[in-house]
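Asks: Supplied structure: data.txt, compact mmCIF, C-alpha atoms.
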```txt
# COMPACT_ATOMS: atom_id res chain seq x y z
CA MET A 1 95.26 -11.89 53.47
CA GLU A 2 98.67 -13.42 52.99
CA THR A 3 99.83 -13.67 56.64
CA LEU A 4 96.64 -15.54 57.46
CA LYS A 5 97.05 -17.95 54.53
CA GLU A 6 100.65 -18.62 55.59
CA MET A 7 99.45 -19.40 59.10
CA ILE A 8 96.76 -21.75 57.75
CA ARG A 9 99.36 -23.55 55.62
CA LYS A 10 101.77 -23.80 58.54
CA GLU A 11 99.41 -24.63 61.43
CA GLY A 12 96.20 -25.85 59.84
CA ILE A 13 95.41 -29.57 60.03
CA VAL A 14 93.12 -31.12 57.43
CA LEU A 15 91.01 -33.72 59.23
CA SER A 16 88.82 -34.68 56.27
CA ASP A 17 87.65 -33.35 52.91
CA ASP A 18 85.65 -30.68 54.68
CA VAL A 19 87.14 -30.20 58.15
CA LEU A 20 90.11 -27.91 58.71
CA LYS A 21 91.38 -27.69 62.27
CA VAL A 22 92.97 -24.37 63.18
CA ASP A 23 93.07 -24.86 66.94
CA ALA A 24 96.70 -23.70 66.92
CA PHE A 25 95.91 -20.03 66.29
CA LEU A 26 92.15 -19.38 66.13
CA ASN A 27 89.83 -21.95 67.71
CA HIS A 28 91.61 -22.95 70.91
CA GLN A 29 94.98 -21.23 71.06
CA ILE A 30 94.90 -17.67 69.71
CA TYR A 31 97.76 -15.57 68.36
CA PRO A 32 96.97 -12.01 69.49
CA GLN A 33 99.21 -10.30 66.90
CA LEU A 34 97.49 -12.20 64.09
CA MET A 35 94.08 -11.27 65.51
CA GLN A 36 95.19 -7.64 65.56
CA ALA A 37 96.22 -7.84 61.90
CA ILE A 38 92.84 -9.45 61.12
CA GLY A 39 91.04 -6.63 62.93
CA GLU A 40 93.00 -4.07 60.92
CA GLU A 41 92.16 -5.84 57.67
CA PHE A 42 88.41 -5.95 58.41
CA ALA A 43 88.47 -2.28 59.41
CA LYS A 44 90.19 -1.48 56.10
CA ARG A 45 87.77 -3.53 54.00
CA PHE A 46 84.71 -1.93 55.59
CA ASP A 47 86.25 1.54 55.63
CA GLY A 48 83.69 4.21 54.70
CA GLU A 49 80.75 2.16 55.97
CA LYS A 50 78.80 3.44 58.93
CA ILE A 51 79.23 0.81 61.64
CA THR A 52 77.86 1.28 65.16
CA LYS A 53 78.29 -2.24 66.55
CA ILE A 54 79.89 -5.57 65.83
CA ILE A 55 78.17 -8.88 66.47
CA THR A 56 79.78 -12.31 66.64
CA ILE A 57 79.02 -15.69 68.25
CA GLU A 58 80.87 -17.17 71.20
CA SER A 59 83.56 -18.42 71.47
CA SER A 60 85.88 -18.40 68.45
CA GLY A 61 84.40 -15.27 66.89
CA ILE A 62 85.24 -13.14 69.92
CA ALA A 63 88.96 -12.58 69.23
CA PRO A 64 88.68 -11.33 65.62
CA ALA A 65 85.52 -9.36 66.50
CA LEU A 66 87.16 -7.69 69.49
CA MET A 67 90.17 -6.60 67.46
CA THR A 68 87.93 -5.22 64.72
CA GLY A 69 85.92 -3.37 67.36
CA LEU A 70 89.12 -1.92 68.76
CA MET A 71 90.09 -0.57 65.32
CA LEU A 72 86.62 0.82 64.60
CA ASP A 73 86.05 2.00 68.20
CA VAL A 74 82.62 0.37 68.50
CA PRO A 75 81.19 -2.10 71.03
CA VAL A 76 81.27 -5.83 70.28
CA ILE A 77 78.40 -8.14 71.19
CA PHE A 78 78.85 -11.88 71.33
CA ALA A 79 75.67 -13.84 70.82
CA ARG A 80 75.34 -16.58 73.40
CA LYS A 81 74.75 -20.17 72.37
CA ARG A 82 72.77 -21.10 75.46
CA LYS A 83 70.80 -19.08 77.90
CA SER A 84 72.49 -18.39 81.20
CA LEU A 85 70.93 -17.65 84.57
CA THR A 86 71.85 -13.98 84.47
CA LEU A 87 70.40 -13.56 80.97
CA THR A 88 66.98 -15.13 80.81
CA ASP A 89 64.47 -12.88 79.10
CA ASN A 90 64.30 -9.83 76.87
CA LEU A 91 66.21 -11.66 74.14
CA TYR A 92 66.34 -11.81 70.36
CA THR A 93 66.87 -15.48 69.48
CA ALA A 94 67.50 -17.65 66.43
CA LYS A 95 68.00 -21.37 66.01
CA VAL A 96 71.28 -22.41 64.37
CA TYR A 97 72.13 -25.87 63.09
CA SER A 98 75.80 -26.82 63.25
CA PHE A 99 76.85 -29.36 60.60
CA THR A 100 80.20 -29.84 62.36
CA LYS A 101 78.70 -30.64 65.73
CA ARG A 102 75.45 -32.06 64.29
CA THR A 103 73.39 -30.21 66.86
CA GLU A 104 70.88 -27.40 66.82
CA SER A 105 71.53 -24.62 69.27
CA GLU A 106 69.80 -21.38 70.05
CA ILE A 107 71.77 -18.16 69.83
CA SER A 108 70.57 -15.09 71.63
CA VAL A 109 71.32 -11.40 72.01
CA SER A 110 69.85 -9.19 74.71
CA LYS A 111 67.38 -6.65 73.34
CA GLU A 112 68.99 -3.87 75.36
CA PHE A 113 72.15 -3.87 73.24
CA LEU A 114 70.55 -3.58 69.79
CA SER A 115 68.35 -0.83 68.42
CA LYS A 116 66.81 0.01 65.06
CA ASP A 117 69.39 2.76 64.66
CA ASP A 118 72.31 0.31 64.70
CA SER A 119 74.40 -0.49 61.63
CA ILE A 120 75.96 -3.83 62.35
CA LEU A 121 79.02 -5.62 61.08
CA VAL A 122 78.98 -9.38 61.68
CA ILE A 123 82.35 -11.03 62.30
CA ASP A 124 82.90 -14.78 62.53
CA ASP A 125 85.79 -17.22 62.43
CA PHE A 126 84.41 -19.64 59.84
CA LEU A 127 81.84 -19.57 57.05
CA ALA A 128 80.79 -23.03 55.88
CA ASN A 129 77.05 -23.57 55.41
CA GLY A 130 76.17 -20.08 56.57
CA GLN A 131 73.78 -21.17 59.32
CA ALA A 132 75.40 -19.08 62.04
CA LEU A 133 75.43 -15.96 59.91
CA LEU A 134 71.83 -16.43 58.82
CA GLY A 135 70.92 -16.75 62.50
CA LEU A 136 72.68 -13.50 63.29
CA GLN A 137 70.95 -11.86 60.32
CA ARG A 138 67.56 -12.91 61.74
CA ILE A 139 68.51 -11.42 65.10
CA ILE A 140 69.55 -8.13 63.45
CA GLU A 141 66.25 -8.12 61.53
CA GLN A 142 64.28 -8.66 64.73
CA ALA A 143 65.95 -5.55 66.15
CA GLY A 144 65.08 -3.59 63.02
CA ALA A 145 68.77 -2.77 62.62
CA ARG A 146 70.83 -2.72 59.43
CA MET A 147 73.39 -5.42 58.60
CA VAL A 148 76.37 -3.75 56.93
CA GLY A 149 78.00 -7.02 55.95
CA ALA A 150 79.98 -9.96 57.24
CA GLY A 151 83.70 -10.30 57.87
CA ILE A 152 84.85 -13.91 57.84
CA VAL A 153 88.31 -15.14 58.80
CA ILE A 154 88.16 -18.43 56.87
CA GLU A 155 85.52 -19.24 54.25
CA LYS A 156 85.08 -22.78 53.00
CA GLY A 157 84.46 -21.87 49.39
CA PHE A 158 83.41 -25.43 48.56
CA GLN A 159 80.44 -25.24 50.91
CA LYS A 160 77.32 -23.27 50.15
CA GLY A 161 77.32 -20.55 52.85
CA GLY A 162 79.19 -17.89 50.91
CA ASP A 163 76.97 -18.25 47.83
CA THR A 164 73.79 -18.27 49.90
CA LEU A 165 74.69 -15.07 51.71
CA ARG A 166 75.98 -13.20 48.64
CA LYS A 167 72.83 -14.14 46.69
CA LYS A 168 70.81 -12.57 49.49
CA GLY A 169 72.69 -9.34 48.84
CA ILE A 170 74.89 -9.55 51.95
CA ARG A 171 78.39 -8.19 51.51
CA VAL A 172 80.77 -10.95 52.62
CA GLU A 173 84.48 -10.23 53.06
CA SER A 174 86.52 -13.37 53.69
CA LEU A 175 90.22 -13.08 54.51
CA ALA A 176 91.02 -16.58 53.26
CA ILE A 177 88.80 -18.63 50.97
CA ILE A 178 89.53 -22.35 50.79
CA GLN A 179 88.63 -23.97 47.51
CA SER A 180 89.43 -27.54 48.46
CA LEU A 181 90.74 -29.72 51.26
CA LYS A 182 90.83 -32.89 49.15
CA ASN A 183 93.71 -35.32 49.60
CA ARG A 184 94.61 -33.48 52.83
CA GLU A 185 95.83 -30.55 50.73
CA ILE A 186 94.78 -26.96 51.40
CA ILE A 187 94.00 -25.13 48.14
CA PHE A 188 93.00 -21.48 48.39
CA ALA A 189 90.65 -19.82 45.90
CA ASN A 190 91.88 -17.05 43.55
CA GLU A 191 95.45 -18.27 43.31
CA MET B 1 91.66 0.24 88.37
CA GLU B 2 89.57 3.37 88.46
CA THR B 3 88.17 3.34 84.88
CA LEU B 4 86.92 -0.21 85.48
CA LYS B 5 85.30 0.71 88.79
CA GLU B 6 83.58 3.68 87.14
CA MET B 7 82.24 1.37 84.44
CA ILE B 8 80.98 -1.11 87.05
CA ARG B 9 79.22 1.72 88.92
CA LYS B 10 77.72 3.07 85.70
CA GLU B 11 76.77 -0.13 83.87
CA GLY B 12 76.73 -2.86 86.50
CA ILE B 13 73.36 -4.20 87.65
CA VAL B 14 73.08 -5.81 91.08
CA LEU B 15 70.66 -8.72 90.74
CA SER B 16 70.98 -10.02 94.28
CA ASP B 17 73.34 -9.91 97.28
CA ASP B 18 75.87 -11.94 95.34
CA VAL B 19 75.11 -11.52 91.63
CA LEU B 20 76.47 -8.57 89.68
CA LYS B 21 75.50 -8.40 86.02
CA VAL B 22 78.04 -6.69 83.79
CA ASP B 23 76.61 -7.79 80.44
CA ALA B 24 76.88 -4.20 79.21
CA PHE B 25 80.68 -4.21 78.90
CA LEU B 26 82.18 -7.62 79.77
CA ASN B 27 79.90 -10.65 79.67
CA HIS B 28 77.76 -10.09 76.58
CA GLN B 29 78.59 -6.72 75.08
CA ILE B 30 82.29 -5.85 75.27
CA TYR B 31 83.96 -2.45 75.18
CA PRO B 32 87.19 -3.00 73.25
CA GLN B 33 88.95 0.14 74.57
CA LEU B 34 88.25 -0.91 78.15
CA MET B 35 89.54 -4.41 77.40
CA GLN B 36 92.71 -2.85 75.98
CA ALA B 37 93.18 -0.81 79.17
CA ILE B 38 92.62 -3.99 81.20
CA GLY B 39 95.24 -5.82 79.13
CA GLU B 40 97.71 -2.99 79.72
CA GLU B 41 97.03 -3.06 83.46
CA PHE B 42 97.58 -6.82 83.74
CA ALA B 43 100.78 -6.52 81.69
CA LYS B 44 101.98 -3.79 84.07
CA ARG B 45 101.11 -5.74 87.22
CA PHE B 46 102.92 -8.87 86.05
CA ASP B 47 105.84 -6.93 84.58
CA GLY B 48 109.15 -8.66 85.27
CA GLU B 49 107.57 -12.11 85.44
CA LYS B 50 108.49 -14.66 82.82
CA ILE B 51 105.23 -15.46 81.01
CA THR B 52 105.13 -17.74 77.98
CA LYS B 53 101.37 -18.28 77.64
CA ILE B 54 98.05 -17.03 78.92
CA ILE B 55 95.16 -19.35 79.75
CA THR B 56 91.52 -18.37 80.23
CA ILE B 57 88.12 -20.06 79.96
CA GLU B 58 85.57 -19.43 77.22
CA SER B 59 83.71 -17.16 76.70
CA SER B 60 83.95 -14.06 78.88
CA GLY B 61 87.62 -14.51 79.73
CA ILE B 62 88.68 -14.34 76.10
CA ALA B 63 88.55 -10.55 75.64
CA PRO B 64 90.69 -9.54 78.66
CA ALA B 65 93.03 -12.49 78.04
CA LEU B 66 93.49 -11.59 74.36
CA MET B 67 94.35 -7.98 75.17
CA THR B 68 96.82 -9.08 77.84
CA GLY B 69 98.37 -11.50 75.34
CA LEU B 70 98.67 -8.68 72.82
CA MET B 71 100.57 -6.54 75.34
CA LEU B 72 102.85 -9.38 76.44
CA ASP B 73 103.19 -10.83 72.92
CA VAL B 74 102.36 -14.38 73.98
CA PRO B 75 99.72 -16.88 72.76
CA VAL B 76 96.38 -17.11 74.55
CA ILE B 77 94.64 -20.44 75.13
CA PHE B 78 90.97 -20.59 76.01
CA ALA B 79 89.97 -23.72 77.85
CA ARG B 80 86.81 -25.21 76.41
CA LYS B 81 83.84 -25.97 78.59
CA ARG B 82 82.64 -28.91 76.53
CA LYS B 83 84.39 -31.25 74.19
CA SER B 84 83.87 -30.55 70.51
CA LEU B 85 84.06 -32.91 67.57
CA THR B 86 87.34 -31.48 66.31
CA LEU B 87 88.94 -31.70 69.75
CA THR B 88 88.27 -35.12 71.21
CA ASP B 89 91.38 -36.62 72.73
CA ASN B 90 94.84 -35.66 73.91
CA LEU B 91 93.35 -33.31 76.51
CA TYR B 92 94.11 -32.07 79.98
CA THR B 93 90.76 -31.84 81.77
CA ALA B 94 89.32 -30.64 85.07
CA LYS B 95 85.80 -30.60 86.46
CA VAL B 96 84.49 -27.19 87.47
CA TYR B 97 81.36 -26.50 89.48
CA SER B 98 79.58 -23.23 88.72
CA PHE B 99 77.62 -21.82 91.66
CA THR B 100 75.94 -19.27 89.37
CA LYS B 101 74.71 -21.84 86.87
CA ARG B 102 74.46 -24.66 89.42
CA THR B 103 76.05 -27.10 87.01
CA GLU B 104 79.29 -29.02 86.82
CA SER B 105 81.14 -28.75 83.57
CA GLU B 106 84.40 -30.12 82.31
CA ILE B 107 87.04 -27.72 81.05
CA SER B 108 89.75 -28.94 78.76
CA VAL B 109 92.96 -27.81 77.10
CA SER B 110 94.70 -29.69 74.32
CA LYS B 111 97.99 -31.23 75.43
CA GLU B 112 99.73 -29.93 72.33
CA PHE B 113 99.56 -26.31 73.50
CA LEU B 114 101.04 -26.74 76.99
CA SER B 115 104.47 -27.99 77.95
CA LYS B 116 106.43 -28.33 81.18
CA ASP B 117 108.55 -25.36 80.08
CA ASP B 118 105.57 -22.98 80.06
CA SER B 119 105.12 -20.19 82.61
CA ILE B 120 101.43 -19.44 82.56
CA LEU B 121 99.37 -16.44 83.51
CA VAL B 122 95.70 -17.20 84.10
CA ILE B 123 93.22 -14.46 83.20
CA ASP B 124 89.51 -14.55 83.98
CA ASP B 125 86.57 -12.16 84.09
CA PHE B 126 85.27 -13.04 87.57
CA LEU B 127 86.59 -14.60 90.73
CA ALA B 128 83.88 -15.76 93.11
CA ASN B 129 84.32 -19.20 94.63
CA GLY B 130 87.50 -19.87 92.72
CA GLN B 131 86.33 -23.12 91.12
CA ALA B 132 87.27 -22.11 87.58
CA LEU B 133 90.75 -20.98 88.59
CA LEU B 134 91.37 -24.11 90.64
CA GLY B 135 90.36 -26.12 87.58
CA LEU B 136 92.84 -24.22 85.43
CA GLN B 137 95.50 -24.72 88.09
CA ARG B 138 94.94 -28.49 87.95
CA ILE B 139 95.29 -28.39 84.17
CA ILE B 140 98.56 -26.45 84.44
CA GLU B 141 99.80 -28.96 87.04
CA GLN B 142 98.93 -31.86 84.72
CA ALA B 143 101.13 -30.25 82.07
CA GLY B 144 103.96 -29.85 84.58
CA ALA B 145 103.99 -26.13 83.77
CA ARG B 146 104.36 -23.22 86.19
CA MET B 147 101.44 -20.96 87.13
CA VAL B 148 102.77 -17.40 87.42
CA GLY B 149 99.55 -16.05 88.90
CA ALA B 150 96.01 -15.01 88.11
CA GLY B 151 94.72 -11.74 86.72
CA ILE B 152 91.05 -11.17 87.55
CA VAL B 153 88.87 -8.40 86.18
CA ILE B 154 86.29 -8.44 89.01
CA GLU B 155 86.77 -10.25 92.30
CA LYS B 156 83.84 -10.80 94.62
CA GLY B 157 85.74 -10.17 97.83
CA PHE B 158 82.83 -11.42 99.93
CA GLN B 159 83.08 -14.92 98.44
CA LYS B 160 85.85 -17.33 99.31
CA GLY B 161 87.73 -17.76 96.02
CA GLY B 162 90.30 -15.01 96.53
CA ASP B 163 91.23 -16.23 100.03
CA THR B 164 91.40 -19.85 98.92
CA LEU B 165 93.76 -19.08 96.06
CA ARG B 166 96.00 -16.68 98.01
CA LYS B 167 96.31 -19.19 100.86
CA LYS B 168 97.54 -21.70 98.30
CA GLY B 169 100.31 -19.25 97.46
CA ILE B 170 98.87 -18.17 94.13
CA ARG B 171 99.47 -14.52 93.25
CA VAL B 172 96.06 -13.02 92.47
CA GLU B 173 95.79 -9.55 90.94
CA SER B 174 92.21 -8.28 90.80
CA LEU B 175 91.44 -5.00 89.05
CA ALA B 176 88.26 -4.39 91.05
CA ILE B 177 87.40 -6.08 94.33
CA ILE B 178 83.80 -5.89 95.44
CA GLN B 179 83.29 -5.97 99.17
CA SER B 180 79.50 -6.05 99.17
CA LEU B 181 76.45 -5.98 96.93
CA LYS B 182 73.97 -5.73 99.82
CA ASN B 183 70.91 -3.50 99.40
CA ARG B 184 71.64 -3.35 95.66
CA GLU B 185 74.65 -1.16 96.40
CA ILE B 186 78.11 -1.81 94.96
CA ILE B 187 80.81 -1.30 97.59
CA PHE B 188 84.42 -1.77 96.52
CA ALA B 189 87.12 -2.98 98.88
CA ASN B 190 90.00 -0.72 99.95
CA GLU B 191 88.13 2.53 99.59
```
Would you write out, as structure tokens, the structure that this file holds?
Replies:
Amino acid sequence: METLKEMIRKEGIVLSDDVLKVDAFLNHQIYPQLMQAIGEEFAKRFDGEKITKIITIESSGIAPALMTGLMLDVPVIFARKRKSLTLTDNLYTAKVYSFTKRTESEISVSKEFLSKDDSILVIDDFLANGQALLGLQRIIEQAGARMVGAGIVIEKGFQKGGDTLRKKGIRVESLAIIQSLKNREIIFANE
Amino acid sequence: METLKEMIRKEGIVLSDDVLKVDAFLNHQIYPQLMQAIGEEFAKRFDGEKITKIITIESSGIAPALMTGLMLDVPVIFARKRKSLTLTDNLYTAKVYSFTKRTESEISVSKEFLSKDDSILVIDDFLANGQALLGLQRIIEQAGARMVGAGIVIEKGFQKGGDTLRKKGIRVESLAIIQSLKNREIIFANE
């Protein structure tokens, strides 16, 4: 997706060989028009698939997921990273290890919003080691629902998440795949 | 906003005299079309005001804030509740006490996304005791920016936040004001 790649080139900051900071338009400040274009692109790529719900993880997945949900006219669920007082039981849960934050967290989705009849599209901002997506897949499995695929805004192609998921037969659509961040330079795949 | 009130009546669950659970359409599952209507309503109410940015707090504020930002064509910033590894310094911060969760957390916004020339609309999902909004106001003050007002999806009119903010001269626009949740019954104000 060219507009996204342009934005990454313009606003992305390479912090190390494997950390790209896109706080300027995705992870802290959000550009709504870009999110709308991202939603349109995911809707186009998954056109023809039966999708009844979208799942993402708070917080940075919410904007692209919401815009995709708006295009497809389906509800969006954001998995929570911690339990809150108003959401204590009746949950599907999965443990997720974050390599960036070096912490394990539990993500959860209320059982009342997922059923075995659901066909679910997963949307997330980043795909690196795939831990978050595998956690969401386990939650979808627990509900007996079908996972249609995963829409990723930025995939780190040099980390193993994309391969892991695709080898499991999951359809992964990434709008920008980064091949390398070495020498503080952003190189996209397939170019 | 009548469509919102209907949704609250239909999907809202009163957990106690002061806790209303709206996980079905706002705080866990999100209805994108409703969020779009909410964004349109906020844009209409603040029409004529100069607004350069929107600020909210992760996670539940993101959806209504994003849709308002889409309508007004301005960037949306979500304040973070905890510091992350890729966002460690150069922050405006404020401590916020949550009566629901009974915890104090620190919210933060990167200095690079706020300037003294900004005119900022604050959007949030709930207004109860006003702690979150007062925290955002302190952050906006630290940046030397102007706070245009606050757009709230659901105000608990029986708690003190709305009064506190309005007495400070802050323009607060709430799309649904709840007068009482007593006896598990949802009573809206001004009806």
Asks: Using Å and a single decimal, report how far atom CA of B:Asp118 sits from atom CA of B:Asp73.
Replies: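 Those two atoms sit 14.3 Å apart.
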Asks: Any idea which chain B residues end up within 9 Å of chain A if we count all atoms listed in the file, as an MDAnalysis selection string please?
Replies: chainID B and resid 15 19:21 23:25 27:33 35:36 55 58:60 62:63 66:71 73:80 84:87 100:101 109:110 112:113
Asks: Show me the residues around (89.9, 4.3, 87.8) - criterion: an atom at most 12 Å away, only C-alpha atoms counted - as an NGL selection string.
Replies: :B and (1-9 or 34 or 37-38 or 41 or 175-176 or 188)
Asks: Could you check which of A:Ile139, A:Gly61, A:Asp124, A:Asn90 is closest to A:Glu106, using all atoms listed in the file?
Replies: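 Selected residue with least distance to A:Glu106: A:Ile139.
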Asks: To one decimal place, how far is atom CA of B:Gln179 from atom CA of B:Leu133 in Å?
Replies: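 Separation between atom CA of B:Gln179 and atom CA of B:Leu133: 19.8 Å.
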Asks: I want to know what sits within 12 Å of A:Gly161, based on all atoms listed in the file, with residues of the same chain fewer than 4 positions away left out; could you give that as a PyMOL selection string?
Replies: chain A and resi 99+126-134+150+152+154-157+165-168+170+172+174+177
Asks: If I take atom CA of A:Ile140 and atom CA of A:Leu114, how far is one from the other in Å, to one decimal?
Replies: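 Going from atom CA of A:Ile140 over to atom CA of A:Leu114, I get 7.9 Å.
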Asks: Using all atoms listed in the file, which of the listed residues (B:Ile187, B:Ala94, B:Val14, B:Ile120) sits closest to B:Thr52?
Replies: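 Among the listed residues, the smallest separation from B:Thr52 belongs to B:Ile120.
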Asks: Within 12 Å of A:Glu141, counting only C-alpha atoms, which residues qualify if same-chain residues fewer than 3 places away don't, as a list in words?
Replies: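 That gives Tyr92, Thr93, Ala94, Lys111, Leu114, Ser115, Lys116, Asp117, Asp118, Ser119, Ile120, Leu134, Gly135, Leu136, Gln137, Arg138, Gly144, Ala145, Arg146, Met147 and Val148 of chain A.
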Asks: Find, counting only C-alpha atoms, the residue in A:Val122, A:Asp17, A:Arg184, A:Gly12 that gets nearest to A:Phe158.
Replies: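 Closest to A:Phe158 of all the choices is A:Asp17.
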